[in-house]
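Dropping protein24.pdb in here (PDB, C-alpha atoms):
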```pdb
ATOM      1  CA  MET P   1     -33.191  -9.369 -25.056
ATOM      2  CA  GLU P   2     -34.430 -12.769 -23.904
ATOM      3  CA  ARG P   3     -30.837 -13.796 -23.271
ATOM      4  CA  LYS P   4     -30.286 -10.784 -20.978
ATOM      5  CA  ILE P   5     -33.477 -11.460 -19.042
ATOM      6  CA  ARG P   6     -32.529 -15.131 -18.670
ATOM      7  CA  ILE P   7     -29.067 -14.180 -17.343
ATOM      8  CA  ALA P   8     -30.532 -11.794 -14.760
ATOM      9  CA  LYS P   9     -33.195 -14.300 -13.696
ATOM     10  CA  ASN P  10     -30.678 -17.114 -13.341
ATOM     11  CA  ILE P  11     -28.641 -15.048 -10.882
ATOM     12  CA  LEU P  12     -31.233 -12.916  -9.063
ATOM     13  CA  GLY P  13     -34.150 -15.347  -9.097
ATOM     14  CA  GLU P  14     -36.882 -16.302 -11.535
ATOM     15  CA  LYS P  15     -39.614 -14.320  -9.792
ATOM     16  CA  SER P  16     -37.474 -11.376  -8.752
ATOM     17  CA  VAL P  17     -36.620 -10.031 -12.200
ATOM     18  CA  VAL P  18     -39.505  -8.390 -14.064
ATOM     19  CA  ASP P  19     -37.777  -6.957 -17.123
ATOM     20  CA  VAL P  20     -34.453  -5.912 -18.620
ATOM     21  CA  ALA P  21     -33.850  -2.972 -20.949
ATOM     22  CA  VAL P  22     -30.610  -2.393 -22.893
ATOM     23  CA  VAL P  23     -29.461   0.767 -24.664
ATOM     24  CA  GLU P  24     -26.142   1.026 -26.485
ATOM     25  CA  ARG P  25     -24.353   4.310 -25.792
ATOM     26  CA  ALA P  26     -21.128   5.984 -26.845
ATOM     27  CA  ILE P  27     -19.022   7.330 -24.021
ATOM     28  CA  GLY P  28     -15.691   9.102 -24.124
ATOM     29  CA  ASP P  29     -13.790   9.299 -27.384
ATOM     30  CA  ASP P  30     -14.160   5.845 -28.847
ATOM     31  CA  GLU P  31     -15.885   3.658 -26.292
ATOM     32  CA  VAL P  32     -19.291   2.007 -26.592
ATOM     33  CA  ILE P  33     -21.073   0.599 -23.568
ATOM     34  CA  ASP P  34     -24.379  -1.115 -22.902
ATOM     35  CA  VAL P  35     -26.579   0.653 -20.366
ATOM     36  CA  VAL P  36     -28.649  -2.148 -18.877
ATOM     37  CA  ASP P  37     -31.621  -1.545 -16.589
ATOM     38  CA  VAL P  38     -32.590  -4.619 -14.578
ATOM     39  CA  TYR P  39     -36.072  -4.144 -13.103
ATOM     40  CA  TYR P  40     -36.801  -6.240 -10.040
ATOM     41  CA  ARG P  41     -39.677  -6.623  -7.615
ATOM     42  CA  ALA P  42     -39.698  -4.506  -4.455
ATOM     43  CA  GLY P  43     -38.609  -6.500  -1.437
ATOM     44  CA  THR P  44     -35.980  -8.478  -3.337
ATOM     45  CA  GLU P  45     -32.605  -8.387  -1.588
ATOM     46  CA  ILE P  46     -29.806  -7.903  -4.116
ATOM     47  CA  SER P  47     -26.327  -8.378  -2.690
ATOM     48  CA  PRO P  48     -23.219  -6.647  -4.081
ATOM     49  CA  GLN P  49     -21.887 -10.081  -5.023
ATOM     50  CA  ALA P  50     -25.033 -10.873  -7.016
ATOM     51  CA  MET P  51     -24.811  -7.536  -8.809
ATOM     52  CA  GLU P  52     -21.191  -8.243  -9.719
ATOM     53  CA  ARG P  53     -22.149 -11.690 -11.048
ATOM     54  CA  VAL P  54     -24.841 -10.149 -13.255
ATOM     55  CA  VAL P  55     -22.386  -7.607 -14.697
ATOM     56  CA  ASN P  56     -19.798 -10.335 -15.355
ATOM     57  CA  ALA P  57     -22.359 -12.639 -16.975
ATOM     58  CA  LEU P  58     -23.716  -9.860 -19.204
ATOM     59  CA  TRP P  59     -20.190  -8.878 -20.237
ATOM     60  CA  LEU P  60     -19.295 -12.497 -21.017
ATOM     61  CA  ASP P  61     -22.476 -12.770 -23.053
ATOM     62  CA  ASN P  62     -21.461  -9.711 -25.079
ATOM     63  CA  ILE P  63     -17.994 -11.149 -25.669
ATOM     64  CA  GLU P  64     -19.500 -14.458 -26.808
ATOM     65  CA  GLN P  65     -21.450 -12.447 -29.358
ATOM     66  CA  ASP P  66     -18.255 -10.687 -30.515
ATOM     67  CA  ARG P  67     -19.171  -7.437 -28.783
ATOM     68  CA  ASP P  68     -16.731  -5.842 -26.358
ATOM     69  CA  ALA P  69     -19.287  -3.402 -24.907
ATOM     70  CA  PHE P  70     -18.973  -3.221 -21.128
ATOM     71  CA  PRO P  71     -22.387  -3.413 -19.421
ATOM     72  CA  VAL P  72     -23.172  -0.559 -17.042
ATOM     73  CA  VAL P  73     -26.029  -2.016 -15.050
ATOM     74  CA  ASN P  74     -28.712  -0.193 -13.060
ATOM     75  CA  PHE P  75     -30.664  -2.367 -10.632
ATOM     76  CA  VAL P  76     -34.019  -0.621 -10.326
ATOM     77  CA  VAL P  77     -37.129  -1.481  -8.315
ATOM     78  CA  VAL P  78     -39.803  -1.909 -10.972
ATOM     79  CA  ASP P  79     -42.147   0.513  -9.183
ATOM     80  CA  GLU P  80     -39.679   3.316  -9.994
ATOM     81  CA  ARG P  81     -39.534   2.526 -13.702
ATOM     82  CA  PHE P  82     -41.816   5.298 -14.915
ATOM     83  CA  LYS P  83     -41.227   7.857 -12.194
ATOM     84  CA  ALA P  84     -39.384  10.996 -13.290
ATOM     85  CA  CYS P  85     -37.398  10.792 -10.062
ATOM     86  CA  ALA P  86     -37.920   8.362  -7.239
ATOM     87  CA  ALA P  87     -37.053  11.007  -4.711
ATOM     88  CA  GLU P  88     -39.575  13.563  -5.883
TER      89      GLU P  88
ATOM     90  CA  MET C   1      -2.588  18.313   4.371
ATOM     91  CA  ASN C   2      -1.834  20.236   7.526
ATOM     92  CA  ASP C   3      -2.237  17.318   9.921
ATOM     93  CA  LEU C   4       0.286  14.510  10.247
ATOM     94  CA  LYS C   5      -2.121  12.171   8.456
ATOM     95  CA  PRO C   6      -3.722  13.378   5.224
ATOM     96  CA  ALA C   7      -7.496  13.035   5.042
ATOM     97  CA  ARG C   8      -8.809   9.853   3.423
ATOM     98  CA  LEU C   9     -11.011  11.451   0.811
ATOM     99  CA  SER C  10     -12.378   8.060  -0.282
ATOM    100  CA  GLU C  11     -14.067   7.693   3.117
ATOM    101  CA  LYS C  12     -15.325  11.257   3.075
ATOM    102  CA  PHE C  13     -16.913  10.926  -0.371
ATOM    103  CA  LEU C  14     -18.528   7.631   0.661
ATOM    104  CA  ASP C  15     -19.893   9.215   3.846
ATOM    105  CA  THR C  16     -21.251  12.139   1.834
ATOM    106  CA  ALA C  17     -23.093   9.772  -0.513
ATOM    107  CA  LYS C  18     -24.563   7.943   2.487
ATOM    108  CA  ARG C  19     -25.788  11.211   4.001
ATOM    109  CA  ARG C  20     -27.365  12.336   0.736
ATOM    110  CA  LEU C  21     -29.293   9.075   0.364
ATOM    111  CA  ALA C  22     -30.254   8.882   4.039
ATOM    112  CA  HIS C  23     -32.130  12.183   3.735
ATOM    113  CA  ILE C  24     -33.591  11.540   0.300
ATOM    114  CA  VAL C  25     -37.190  12.003   1.523
ATOM    115  CA  ASP C  26     -36.663  15.729   1.083
ATOM    116  CA  GLY C  27     -34.268  15.273  -1.820
ATOM    117  CA  THR C  28     -34.321  15.818  -5.539
ATOM    118  CA  GLU C  29     -32.923  14.181  -8.649
ATOM    119  CA  ALA C  30     -29.848  16.363  -8.111
ATOM    120  CA  ASP C  31     -29.181  14.507  -4.855
ATOM    121  CA  LEU C  32     -29.180  11.190  -6.703
ATOM    122  CA  ARG C  33     -26.812  12.632  -9.304
ATOM    123  CA  ARG C  34     -24.467  14.056  -6.682
ATOM    124  CA  ALA C  35     -24.481  10.775  -4.729
ATOM    125  CA  THR C  36     -23.522   8.920  -7.918
ATOM    126  CA  SER C  37     -20.645  11.332  -8.463
ATOM    127  CA  ASP C  38     -19.573  10.965  -4.820
ATOM    128  CA  LEU C  39     -19.430   7.171  -5.192
ATOM    129  CA  TYR C  40     -17.217   7.423  -8.262
ATOM    130  CA  TYR C  41     -14.850   9.808  -6.509
ATOM    131  CA  ALA C  42     -14.706   7.531  -3.459
ATOM    132  CA  LEU C  43     -13.293   4.832  -5.756
ATOM    133  CA  PHE C  44     -10.991   7.240  -7.613
ATOM    134  CA  HIS C  45      -9.476   8.658  -4.438
ATOM    135  CA  ARG C  46      -9.035   5.153  -2.993
ATOM    136  CA  ILE C  47      -6.722   4.395  -5.917
ATOM    137  CA  CYS C  48      -4.828   7.656  -5.305
ATOM    138  CA  GLU C  49      -4.472   6.691  -1.636
ATOM    139  CA  CYS C  50      -3.055   3.302  -2.622
ATOM    140  CA  LEU C  51      -0.361   5.104  -4.623
ATOM    141  CA  VAL C  52       0.891   7.223  -1.739
ATOM    142  CA  ALA C  53       0.443   4.691   1.078
ATOM    143  CA  PRO C  54       3.950   3.185   0.661
ATOM    144  CA  MET C  55       5.451   6.654   1.210
ATOM    145  CA  GLY C  56       4.341   6.602   4.823
ATOM    146  CA  ILE C  57       4.560   9.727   6.938
ATOM    147  CA  PRO C  58       8.109  11.040   7.382
ATOM    148  CA  ASP C  59       9.524  12.682  10.492
ATOM    149  CA  GLN C  60       8.908  16.106   9.008
ATOM    150  CA  PRO C  61       5.723  15.858   6.914
ATOM    151  CA  GLU C  62       5.465  19.622   6.737
ATOM    152  CA  ARG C  63       8.578  19.781   4.559
ATOM    153  CA  GLU C  64       7.682  21.189   1.156
ATOM    154  CA  GLU C  65       9.680  18.484  -0.654
ATOM    155  CA  PHE C  66       7.510  15.789   0.880
ATOM    156  CA  ARG C  67       4.283  17.676   0.228
ATOM    157  CA  GLU C  68       5.231  18.228  -3.412
ATOM    158  CA  LEU C  69       6.113  14.574  -3.952
ATOM    159  CA  PHE C  70       2.947  13.499  -2.142
ATOM    160  CA  ARG C  71       0.791  15.671  -4.415
ATOM    161  CA  LEU C  72       2.641  14.463  -7.496
ATOM    162  CA  MET C  73       2.105  10.806  -6.655
ATOM    163  CA  TYR C  74      -1.474  11.319  -5.561
ATOM    164  CA  ARG C  75      -2.411  13.000  -8.822
ATOM    165  CA  LEU C  76      -0.876  10.374 -11.121
ATOM    166  CA  PRO C  77      -4.152   8.601 -12.035
ATOM    167  CA  ASP C  78      -5.906   9.902 -15.129
ATOM    168  CA  HIS C  79      -9.633   9.131 -15.182
ATOM    169  CA  SER C  80      -9.797   7.827 -18.736
ATOM    170  CA  TYR C  81      -6.558   5.832 -18.659
ATOM    171  CA  THR C  82      -7.334   4.332 -15.254
ATOM    172  CA  SER C  83     -10.737   3.197 -16.507
ATOM    173  CA  LYS C  84      -9.137   1.586 -19.557
ATOM    174  CA  LYS C  85      -6.637  -0.289 -17.391
ATOM    175  CA  CYS C  86      -9.361  -1.355 -14.957
ATOM    176  CA  ARG C  87     -11.167  -3.023 -17.864
ATOM    177  CA  GLU C  88      -8.003  -4.972 -18.670
ATOM    178  CA  ILE C  89      -7.428  -6.175 -15.153
ATOM    179  CA  GLN C  90      -9.557  -9.336 -15.262
ATOM    180  CA  GLY C  91      -6.835 -11.277 -17.053
ATOM    181  CA  HIS C  92      -4.104 -10.239 -14.646
ATOM    182  CA  ASP C  93      -2.848 -11.625 -11.372
ATOM    183  CA  PHE C  94      -4.829  -9.614  -8.825
ATOM    184  CA  SER C  95      -7.074 -10.660  -5.950
ATOM    185  CA  GLU C  96     -10.856 -10.805  -6.338
ATOM    186  CA  GLU C  97     -11.209  -7.784  -4.034
ATOM    187  CA  ILE C  98      -9.151  -5.687  -6.427
ATOM    188  CA  LYS C  99     -10.923  -7.024  -9.525
ATOM    189  CA  THR C 100     -14.253  -6.082  -7.934
ATOM    190  CA  VAL C 101     -13.071  -2.513  -7.321
ATOM    191  CA  ALA C 102     -11.704  -2.303 -10.867
ATOM    192  CA  GLN C 103     -15.009  -3.414 -12.364
ATOM    193  CA  LEU C 104     -16.952  -0.985 -10.178
ATOM    194  CA  PHE C 105     -14.612   1.818 -11.183
ATOM    195  CA  VAL C 106     -15.496   1.297 -14.858
ATOM    196  CA  THR C 107     -19.209   1.178 -14.045
ATOM    197  CA  MET C 108     -19.243   4.201 -11.768
ATOM    198  CA  ARG C 109     -17.151   6.280 -14.146
ATOM    199  CA  SER C 110     -19.822   5.886 -16.824
ATOM    200  CA  LYS C 111     -22.611   6.584 -14.337
ATOM    201  CA  ARG C 112     -20.746   9.656 -13.101
ATOM    202  CA  GLU C 113     -20.515  10.959 -16.682
ATOM    203  CA  PHE C 114     -24.273  10.558 -17.041
ATOM    204  CA  SER C 115     -24.958  12.146 -13.661
ATOM    205  CA  ASP C 116     -22.842  15.222 -14.337
ATOM    206  CA  TYR C 117     -23.373  15.776 -18.055
ATOM    207  CA  ASP C 118     -26.537  14.079 -19.338
ATOM    208  CA  PRO C 119     -29.712  15.991 -18.444
ATOM    209  CA  LEU C 120     -31.895  13.316 -20.081
ATOM    210  CA  GLN C 121     -30.560  10.446 -17.991
ATOM    211  CA  ARG C 122     -33.009   9.387 -15.275
ATOM    212  CA  PHE C 123     -31.919   8.236 -11.860
ATOM    213  CA  ALA C 124     -33.854   5.930  -9.554
ATOM    214  CA  PHE C 125     -33.294   5.850  -5.819
ATOM    215  CA  SER C 126     -33.111   2.052  -5.723
ATOM    216  CA  SER C 127     -30.397   2.000  -8.383
ATOM    217  CA  VAL C 128     -28.212   4.615  -6.667
ATOM    218  CA  ASN C 129     -28.790   2.932  -3.303
ATOM    219  CA  ASN C 130     -27.655  -0.387  -4.789
ATOM    220  CA  ASP C 131     -24.553   1.365  -6.141
ATOM    221  CA  LEU C 132     -23.867   2.703  -2.650
ATOM    222  CA  GLY C 133     -24.063  -0.816  -1.225
ATOM    223  CA  ALA C 134     -21.730  -2.158  -3.894
ATOM    224  CA  VAL C 135     -19.096   0.577  -3.484
ATOM    225  CA  ASP C 136     -19.236   0.413   0.314
ATOM    226  CA  HIS C 137     -18.827  -3.375   0.238
ATOM    227  CA  ALA C 138     -15.971  -3.234  -2.276
ATOM    228  CA  LEU C 139     -14.017  -0.545  -0.412
ATOM    229  CA  THR C 140     -14.440  -2.358   2.902
ATOM    230  CA  ALA C 141     -13.182  -5.602   1.338
ATOM    231  CA  LEU C 142     -10.170  -3.737  -0.066
ATOM    232  CA  ASP C 143      -8.965  -3.108   3.486
ATOM    233  CA  GLN C 144      -8.173  -6.841   3.687
ATOM    234  CA  VAL C 145      -5.706  -6.628   0.796
ATOM    235  CA  SER C 146      -1.992  -6.117   1.523
ATOM    236  CA  LEU C 147      -0.475  -2.674   1.007
ATOM    237  CA  VAL C 148       1.970  -4.179  -1.476
ATOM    238  CA  GLU C 149      -0.785  -5.542  -3.721
ATOM    239  CA  LEU C 150      -2.786  -2.330  -3.389
ATOM    240  CA  ALA C 151       0.226  -0.319  -4.530
ATOM    241  CA  ARG C 152       0.840  -2.768  -7.392
ATOM    242  CA  PHE C 153      -2.787  -2.307  -8.481
ATOM    243  CA  ALA C 154      -2.628   1.478  -8.198
ATOM    244  CA  PHE C 155       0.531   1.665 -10.289
ATOM    245  CA  PHE C 156      -0.892  -0.786 -12.843
ATOM    246  CA  VAL C 157      -3.894   1.471 -13.495
ATOM    247  CA  SER C 158      -1.973   4.757 -13.277
ATOM    248  CA  LEU C 159       1.424   4.494 -14.952
ATOM    249  CA  ARG C 160       1.632   4.980 -18.688
ATOM    250  CA  ASN C 161       4.688   2.931 -19.473
ATOM    251  CA  GLY C 162       5.422  -0.465 -20.877
ATOM    252  CA  ARG C 163       7.000  -1.926 -17.793
ATOM    253  CA  LYS C 164       5.209  -4.922 -16.422
ATOM    254  CA  VAL C 165       4.252  -4.303 -12.815
ATOM    255  CA  ASP C 166       1.834  -7.163 -12.234
ATOM    256  CA  VAL C 167       4.543  -9.700 -11.476
ATOM    257  CA  LYS C 168       4.745 -11.010  -7.922
TER     258      LYS C 168
END
```

Let me see the structure of the file written as structure tokens.
Amino acid sequence: MERKIRIAKNILGEKSVVDVAVVERAIGDDEVIDVVDVYYRAGTEISPQAMERVVNALWLDNIEQDRDAFPVVNFVVVDERFKACAAE
Amino acid sequence: MNDLKPARLSEKFLDTAKRRLAHIVDGTEADLRRATSDLYYALFHRICECLVAPMGIPDQPEREEFRELFRLMYRLPDHSYTSKKCREIQGHDFSEEIKTVAQLFVTMRSKREFSDYDPLQRFAFSSVNNDLGAVDHALTALDQVSLVELARFAFFVSLRNGRKVDVK
């Protein structure tokens, strides 16, 4: 997990990223993906390009560890982490 | 398709997602789930539109032969196969704009599965709003890509045959 946090911090900023959570999930017939939640501080601007770089870096990290799992990444403001639904 | 120009459903799904998130103050988790689904379908229909774009609009678009062929071409992409091919695209000769859309397609397809079928999956406004920004940015950037490359991409992720179509 430290590797994932380091990757996110390197791209989004040391102080911006609070935590990263990863859950492996099966999807479809024979596909396994990583569902990655990147928790960041409110007020941090995350550009589409930065999000794409995080996904690419996490995927490359998986491949380097002989895992082909594609990372499906959620970029979540940390304040919403334990809310049942941010909108409610 | 009664007008001369068929509706661009990719734009309509994107606009619908924007409207859902703009009024989220009164919204529910279902709104976040529907917006996620809208974003996936904006990407899916953009690929369908790339397939039919080279057909243009003939002199008599109301002719049934044209409408049938249009529907046939438009409905070529299969969700699962297209996702598989989008994962393969990084090693192929396509522009960065197309590779970005392909990567987002894989991501949003998984998120759409969760949004429509997994009652235990939780959705956060910030996450869905970030997805909206990413899809909007990627689809806007795609407008800079030539129609020829867009068609090449659409056929690459849609056709189930062994012919190589990613050669310039």

* Spell out the residues picked by the PyMOL selection byres ((chain C) within 6 of (chain P)) here, as a list of chain:residue names. =>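 Residues picked by the PyMOL selection byres ((chain C) within 6 of (chain P)): C:Gly27, C:Thr28, C:Glu29, C:Thr107, C:Ala124, C:Phe125, C:Ser126, C:Ser127, C:Ala134.
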
* To do: Evaluate the PyMOL selection byres ((chain C and resi 141-157) around 10) here and jot the selected residues down as a count of residues only.
  => 49

* Work out how far atom CA of C:Asn129 is from atom CA of C:Leu21, in Å to one decimal. =>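 Atom-to-atom, atom CA of C:Leu21 and atom CA of C:Asn129 are spaced 7.2 Å apart.
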
* To do: On this file, the PyMOL selection byres ((chain C and resi 34) around 10) gives some set of residues; write that set as a list of chain:residue names.
  =>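 Selected by the PyMOL selection byres ((chain C and resi 34) around 10) in this file: C:Thr16, C:Ala17, C:Arg20, C:Leu21, C:Glu29, C:Ala30, C:Asp31, C:Leu32, C:Arg33, C:Ala35, C:Thr36, C:Ser37, C:Asp38, C:Leu39, C:Tyr40, C:Arg112, C:Ser115, C:Asp116.
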
* Residue neighbourhood P:Ala57, 10 Å, only C-alpha atoms, exclusion window fewer than 6 positions, as a VMD selection string -> chain P and resid 4 7 to 8 11 51 63 71

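For the pair atom CA of C:Val25 and atom CA of C:Pro119, the separation is 21.7 Å.
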
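The two atoms in question, atom CA of P:Val22 and atom CA of P:Val36, are spaced 4.5 Å apart.
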